[in-house]
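upload.cif follows; it contains mmCIF, C-alpha atoms and all ligand atoms.
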```cif
data_final
loop_
_atom_site.label_atom_id
_atom_site.label_comp_id
_atom_site.auth_asym_id
_atom_site.auth_seq_id
_atom_site.Cartn_x
_atom_site.Cartn_y
_atom_site.Cartn_z
CA MET A 1 46.52 179.48 188.28
CA HIS A 2 47.63 176.54 186.14
CA LYS A 3 50.62 176.64 183.80
CA VAL A 4 50.94 174.86 180.46
CA VAL A 5 53.88 174.70 178.08
CA LEU A 6 53.06 174.25 174.37
CA ILE A 7 56.01 173.22 172.23
CA SER A 8 55.90 173.51 168.43
CA LEU A 9 58.32 172.03 165.94
CA ARG A 10 58.89 174.82 163.41
CA GLY A 11 58.72 173.60 159.80
CA TYR A 12 57.94 170.02 160.80
CA ARG A 13 55.43 169.64 157.98
CA GLU A 14 57.99 170.81 155.42
CA TRP A 15 60.56 168.43 156.93
CA THR A 16 58.22 165.46 156.68
CA GLU A 17 57.35 166.25 153.06
CA SER A 18 61.02 166.76 152.20
CA LEU A 19 61.58 163.07 152.94
CA GLY A 20 59.61 161.92 149.89
CA PRO A 21 56.97 159.18 149.83
CA ARG A 22 59.13 156.56 151.53
CA ARG A 23 59.13 158.60 154.73
CA GLU A 24 56.84 157.10 157.36
CA HIS A 25 59.44 154.78 158.86
CA ILE A 26 61.79 157.77 159.27
CA ILE A 27 59.05 159.95 160.79
CA GLN A 28 58.02 157.25 163.27
CA LYS A 29 61.59 156.69 164.41
CA VAL A 30 62.12 160.44 164.89
CA GLN A 31 58.81 160.77 166.78
CA ALA A 32 59.78 157.86 169.06
CA ARG A 33 63.04 159.66 169.83
CA ILE A 34 61.17 162.93 170.55
CA HIS A 35 58.66 161.01 172.70
CA GLY A 36 61.45 159.59 174.87
CA ALA A 37 63.31 162.88 175.15
CA LEU A 38 60.13 164.73 176.12
CA TRP A 39 59.13 162.26 178.83
CA SER A 40 62.67 162.19 180.24
CA SER A 41 63.42 165.91 180.22
CA PHE A 42 60.06 167.25 181.42
CA THR A 43 59.37 164.70 184.17
CA ALA A 44 62.93 165.32 185.43
CA VAL A 45 61.94 168.93 186.22
CA GLY A 46 58.60 167.89 187.77
CA ALA A 47 56.36 168.72 184.79
CA LEU A 48 53.87 166.27 183.27
CA PRO A 49 54.30 166.14 179.48
CA HIS A 50 52.41 164.50 176.68
CA HIS A 51 53.62 163.82 173.14
CA PHE A 52 50.25 165.06 171.83
CA ARG A 53 50.57 165.56 168.01
CA TYR A 54 54.39 165.26 167.77
CA ASP A 55 54.52 168.46 165.71
CA TYR A 56 53.10 169.97 168.90
CA LEU A 57 54.06 168.70 172.35
CA ILE A 58 52.52 169.82 175.65
CA ALA A 59 53.26 169.78 179.38
CA LEU A 60 51.50 170.79 182.58
CA ALA A 61 54.14 172.80 184.45
CA ASN A 62 52.63 174.34 187.59
CA ASN A 63 55.41 175.61 189.92
CA VAL A 64 58.19 174.56 187.53
CA PRO A 65 60.65 177.49 187.23
CA ARG A 66 61.06 179.07 183.80
CA HIS A 67 64.74 178.26 183.57
CA TRP A 68 64.03 174.59 184.26
CA ILE A 69 61.51 174.63 181.39
CA ASP A 70 64.12 176.27 179.15
CA ALA A 71 66.59 173.51 180.04
CA ALA A 72 64.03 170.77 179.34
CA VAL A 73 63.19 172.28 175.94
CA ALA A 74 66.91 172.54 175.11
CA LYS A 75 67.24 168.78 175.70
CA ILE A 76 64.35 168.09 173.31
CA ARG A 77 66.03 170.21 170.62
CA ARG A 78 68.77 167.55 170.48
CA SER A 79 66.16 165.02 169.30
CA THR A 80 64.33 167.09 166.69
CA PRO A 81 65.19 167.57 163.01
CA VAL A 82 63.80 171.14 163.06
CA GLU A 83 63.90 174.18 165.35
CA VAL A 84 61.70 174.09 168.45
CA ASP A 85 59.60 177.00 169.71
CA TYR A 86 57.50 177.08 172.84
CA CYS A 87 55.11 179.29 174.72
CA ILE A 88 53.92 179.29 178.32
CA GLY A 89 50.28 179.88 179.19
CA MET A 90 48.66 180.63 182.53
CA GLY A 91 44.97 180.25 183.31
CA ASP A 92 42.32 179.42 185.88
CA THR A 93 42.08 175.99 184.23
CA PRO A 94 44.63 173.94 182.26
CA LEU A 95 42.50 174.47 179.13
CA ASP A 96 42.51 178.26 179.68
CA ALA A 97 46.27 178.12 180.23
CA TYR A 98 46.74 176.21 176.94
CA ARG A 99 44.55 178.75 175.14
CA SER A 100 46.42 181.73 176.59
CA CYS A 101 49.84 180.43 175.61
CA GLY A 102 52.17 183.34 174.92
CA GLU A 103 49.94 185.99 176.57
CA HIS A 104 52.36 186.44 179.50
CA LYS A 105 49.63 186.32 182.18
CA GLU A 106 50.85 186.52 185.76
CA GLY A 107 49.42 184.97 188.91
CA LYS A 108 50.01 182.64 191.84
CA GLU A 109 50.49 179.11 190.60
CA SER A 110 48.19 176.58 192.23
CA ASN A 111 48.76 172.93 192.98
CA ALA A 112 48.65 170.69 189.97
CA VAL A 113 45.64 168.35 189.86
CA VAL A 114 46.01 165.31 187.62
CA ALA A 115 43.86 162.22 187.03
CA HIS A 116 45.06 158.79 185.94
CA VAL A 117 42.01 156.99 184.54
CA ASP A 118 41.83 153.28 183.71
CA ILE A 119 39.05 151.13 182.25
CA VAL A 120 38.16 148.24 184.56
CA ASN A 121 39.02 144.69 183.49
CA SER A 122 40.38 145.39 180.02
CA THR A 123 42.41 142.21 180.08
CA ASP A 124 39.31 140.00 180.10
CA ALA A 125 37.61 142.25 177.52
CA THR A 126 40.69 141.96 175.34
CA ARG A 127 40.75 138.17 175.68
CA ILE A 128 37.07 137.95 174.67
CA ASN A 129 36.82 140.71 172.04
CA GLY A 130 40.44 141.30 170.99
CA PRO A 131 42.78 144.30 171.47
CA ILE A 132 41.20 146.49 168.77
CA HIS A 133 37.88 146.40 170.65
CA THR A 134 39.44 147.55 173.93
CA TYR A 135 41.63 150.07 172.11
CA LEU A 136 38.48 151.64 170.61
CA ARG A 137 36.84 151.70 174.06
CA ALA A 138 39.85 153.68 175.31
CA ILE A 139 39.64 156.07 172.36
CA ASP A 140 35.88 156.49 173.00
CA MET A 141 36.69 157.26 176.68
CA LEU A 142 39.22 159.88 175.56
CA ARG A 143 36.81 161.50 173.11
CA THR A 144 34.03 161.62 175.72
CA ALA A 145 36.43 163.06 178.29
CA ALA A 146 37.55 165.72 175.80
CA GLY A 147 33.93 166.81 175.39
CA ALA A 148 33.47 167.13 179.14
CA CYS A 149 36.79 169.02 179.36
CA GLU A 150 35.30 171.82 177.23
CA ASP A 151 32.88 172.39 180.14
CA VAL A 152 35.27 172.11 183.08
CA GLY A 153 38.56 173.28 181.53
CA CYS A 154 40.60 170.08 181.59
CA ILE A 155 42.81 168.48 178.94
CA ALA A 156 42.81 164.68 178.42
CA PHE A 157 45.35 162.46 176.63
CA TYR A 158 45.72 158.74 175.83
CA LEU A 159 48.57 156.97 177.60
CA GLY A 160 48.37 153.56 175.99
CA GLY A 161 46.55 150.36 176.96
CA ASP A 162 43.31 151.46 178.58
CA ASN A 163 44.81 154.48 180.34
CA MET A 164 44.14 158.19 180.13
CA VAL A 165 45.76 161.18 181.84
CA VAL A 166 43.77 164.36 182.56
CA TYR A 167 45.12 167.79 183.52
CA LEU A 168 42.33 168.97 185.86
CA PRO A 169 41.51 172.44 187.26
CA GLU A 170 40.46 170.91 190.60
CA PRO A 171 39.75 167.40 191.94
CA ARG A 172 35.95 167.50 191.70
CA ALA A 173 36.18 168.25 187.96
CA ILE A 174 36.86 164.53 187.40
CA TYR A 175 33.18 163.80 188.10
CA ALA A 176 32.12 165.79 185.03
CA LEU A 177 34.14 163.34 182.93
CA LEU A 178 33.09 160.17 184.74
CA ASP A 179 29.41 161.14 184.52
CA ARG A 180 29.73 160.89 180.73
CA VAL A 181 32.18 158.02 180.21
CA GLU A 182 30.23 154.81 179.51
CA ALA A 183 32.95 152.30 180.32
CA PRO A 184 33.45 151.30 183.98
CA VAL A 185 36.56 153.18 185.12
CA ARG A 186 38.78 153.87 188.09
CA ALA A 187 40.28 157.32 188.51
CA GLY A 188 43.13 158.23 190.80
CA VAL A 189 43.38 162.01 191.30
CA GLY A 190 46.67 163.42 192.57
CA VAL A 191 47.21 166.90 194.05
CA SER A 192 50.72 168.32 194.45
CA PRO A 193 52.65 171.52 193.68
CA ARG A 194 54.49 169.87 190.77
CA PRO A 195 52.52 167.99 188.04
CA TYR A 196 54.60 164.81 187.78
CA THR A 197 54.38 164.27 191.55
CA ALA A 198 50.62 164.83 191.25
CA PHE A 199 50.51 162.14 188.55
CA VAL A 200 52.46 159.69 190.72
CA LYS A 201 49.93 160.31 193.50
CA ALA A 202 47.10 159.76 191.01
CA THR A 203 48.61 156.40 190.04
CA LYS A 204 48.85 155.50 193.73
CA GLY A 205 45.14 156.33 194.06
CA LEU A 206 44.34 154.20 191.01
CA ASP A 207 46.37 151.29 192.37
CA ALA A 208 44.59 151.62 195.74
CA LEU A 209 41.16 151.44 194.05
CA ARG A 210 42.34 148.40 192.09
CA ALA A 211 43.60 146.72 195.30
CA GLU A 212 40.20 147.30 196.92
CA ASN A 213 38.47 146.16 193.70
CA LYS A 214 36.56 149.44 193.68
CA THR A 215 35.60 151.72 190.79
CA GLY A 216 35.09 155.47 191.05
CA VAL A 217 37.52 158.10 192.29
CA LYS A 218 40.29 158.21 194.88
CA VAL A 219 41.96 161.56 195.60
CA VAL A 220 45.52 161.51 196.95
CA ARG A 221 46.88 164.80 198.31
N1 LIG A 301 50.45 154.08 180.27
C1 LIG A 301 50.09 153.15 181.18
N2 LIG A 301 49.55 151.99 180.73
C2 LIG A 301 49.19 151.09 181.68
C3 LIG A 301 49.37 151.29 183.06
N3 LIG A 301 48.91 150.18 183.73
C4 LIG A 301 48.44 149.34 182.77
N4 LIG A 301 48.63 149.89 181.55
C5 LIG A 301 48.21 149.37 180.26
O1 LIG A 301 46.84 149.01 180.34
C6 LIG A 301 46.69 147.66 179.92
C7 LIG A 301 45.67 147.01 180.81
O2 LIG A 301 46.25 146.92 182.10
P1 LIG A 301 45.27 146.97 183.37
O3 LIG A 301 44.41 148.17 183.30
O4 LIG A 301 46.10 146.80 184.59
O5 LIG A 301 44.40 145.63 183.12
P2 LIG A 301 42.88 145.47 183.51
O6 LIG A 301 42.49 144.10 183.08
O7 LIG A 301 42.07 146.61 182.97
O8 LIG A 301 42.95 145.49 185.08
P3 LIG A 301 42.09 146.43 186.02
O9 LIG A 301 42.32 147.84 185.53
O10 LIG A 301 42.67 146.18 187.37
O11 LIG A 301 40.65 146.03 185.91
C8 LIG A 301 48.09 147.04 180.08
O12 LIG A 301 48.25 146.00 179.14
C9 LIG A 301 49.00 148.18 179.77
O13 LIG A 301 49.15 148.31 178.37
C10 LIG A 301 49.96 152.53 183.48
O14 LIG A 301 50.15 152.80 184.66
N5 LIG A 301 50.28 153.42 182.50
#
```

Take the structure from the file and write it as structure tokens.
Ligand SMILES: Nc1nc2c(ncn2[C@@H]2O[C@H](COP(=O)(O)OP(=O)(O)OP(=O)(O)O)[C@@H](O)[C@H]2O)c(=O)[nH]1
Amino acid sequence: MHKVVLISLRGYREWTESLGPRREHIIQKVQARIHGALWSSFTAVGALPHHFRYDYLIALANNVPRHWIDAAVAKIRRSTPVEVDYCIGMGDTPLDAYRSCGEHKEGKESNAVVAHVDIVNSTDATRINGPIHTYLRAIDMLRTAAGACEDVGCIAFYLGGDNMVVYLPEPRAIYALLDRVEAPVRAGVGVSPRPYTAFVKATKGLDALRAENKTGVKVVR
């Protein structure tokens, strides 16, 4: 089974609105602080987080002990202006785990399976068409991947540039996404007990495809 942690910032909406109309610069600085704290504290315990909506944060946490998750959440609390709640979900897929958050399901935790997906040759595309064009291609890739994830039970997030991370139920699920994504992409898929190690392996797979000037998928176990 896969394990997902969903973190919610209690009263975040009310906090934002309490700042008055001249608030966005304050909100963005706070969200940048939360972003950094999340990526530091959760990767340090082997989980693979994503800043998601900022009022909600998420992490794939297969085989990460509960008390390590508690400690990582406690570190985030130091960066947030409001109280932080979280739930843990377990499921046959990461999407099922996210949807069952708080249901206290039990089961043997499987290896984490994570994809690092990159659009080929964005630098040239950016030089020719500009960064907004390639940014929108990345957002299109994410939206298409999210549609495929409804079928295979994955969860996809934007990482910046032309990169996407996907919490997968199993390695072959990546093909359901790539069959639909129009842009030429490379996908490293990492498999490991802990999610952040799986992501590092996925990046190694991506870098290996790039070095061989290949597209498609490379699985690193
Ligand atoms: N989050 C994240 N962003 C990356 C990573 N590598 C590159 N980027 C971003 O993606 C942009 C494009 O970099 P590349 O994908 O290496 O450039 P490219 O021209 O597409 O090169 P190829 O992918 O080799 O075809 C960079 O400007 C960075 O913003 C990564 O590992 N993680």

Subject >> d(atom CA of Ile132 of chain A, atom CA of Cys154 of chain A) in Å >> reply: 26.9 Å

Given a cut-off of 10 Å, what residues near ligand LIG 301 (chain A) show up using all atoms listed in the file, put as a tab-separated table (two decimals) with C-alpha atoms, keeping the file's coordinate frame?
```
chain	number	residue	atom	x	y	z
A	116	HIS	CA	45.06	158.79	185.94
A	117	VAL	CA	42.01	156.99	184.54
A	118	ASP	CA	41.83	153.28	183.71
A	119	ILE	CA	39.05	151.13	182.25
A	120	VAL	CA	38.16	148.24	184.56
A	121	ASN	CA	39.02	144.69	183.49
A	122	SER	CA	40.38	145.39	180.02
A	123	THR	CA	42.41	142.21	180.08
A	124	ASP	CA	39.31	140.00	180.10
A	125	ALA	CA	37.61	142.25	177.52
A	126	THR	CA	40.69	141.96	175.34
A	127	ARG	CA	40.75	138.17	175.68
A	131	PRO	CA	42.78	144.30	171.47
A	134	THR	CA	39.44	147.55	173.93
A	135	TYR	CA	41.63	150.07	172.11
A	138	ALA	CA	39.85	153.68	175.31
A	158	TYR	CA	45.72	158.74	175.83
A	159	LEU	CA	48.57	156.97	177.60
A	160	GLY	CA	48.37	153.56	175.99
A	161	GLY	CA	46.55	150.36	176.96
A	162	ASP	CA	43.31	151.46	178.58
A	163	ASN	CA	44.81	154.48	180.34
A	164	MET	CA	44.14	158.19	180.13
A	165	VAL	CA	45.76	161.18	181.84
A	184	PRO	CA	33.45	151.30	183.98
A	185	VAL	CA	36.56	153.18	185.12
A	186	ARG	CA	38.78	153.87	188.09
A	200	VAL	CA	52.46	159.69	190.72
A	202	ALA	CA	47.10	159.76	191.01
A	203	THR	CA	48.61	156.40	190.04
A	204	LYS	CA	48.85	155.50	193.73
A	206	LEU	CA	44.34	154.20	191.01
A	207	ASP	CA	46.37	151.29	192.37
A	209	LEU	CA	41.16	151.44	194.05
A	210	ARG	CA	42.34	148.40	192.09
A	211	ALA	CA	43.60	146.72	195.30
A	212	GLU	CA	40.20	147.30	196.92
A	213	ASN	CA	38.47	146.16	193.70
A	214	LYS	CA	36.56	149.44	193.68
A	215	THR	CA	35.60	151.72	190.79
```

Original post:
Which distance in Å separates atom CA of Val217 of chain A and atom CA of Ile155 of chain A, to one decimal?
Top reply: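 It comes out at 17.7 Å.
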
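Proximity ranking of A:Val45, A:Phe157, A:Tyr54, A:Met1 relative to His67 of chain A places A:Val45 first, based on all atoms listed in the file.
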
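The space separating atom CA of Arg137 of chain A from atom CA of Trp39 of chain A comes to 25.1 Å.
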
Subject >> Nearest to His51 of chain A by atom-to-atom distance, counting all atoms listed in the file, from A:Ala145, A:Ile69, A:Ile76, A:Ile88 >> reply: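 Of all the options, A:Ile76 lies closest to His51 of chain A.
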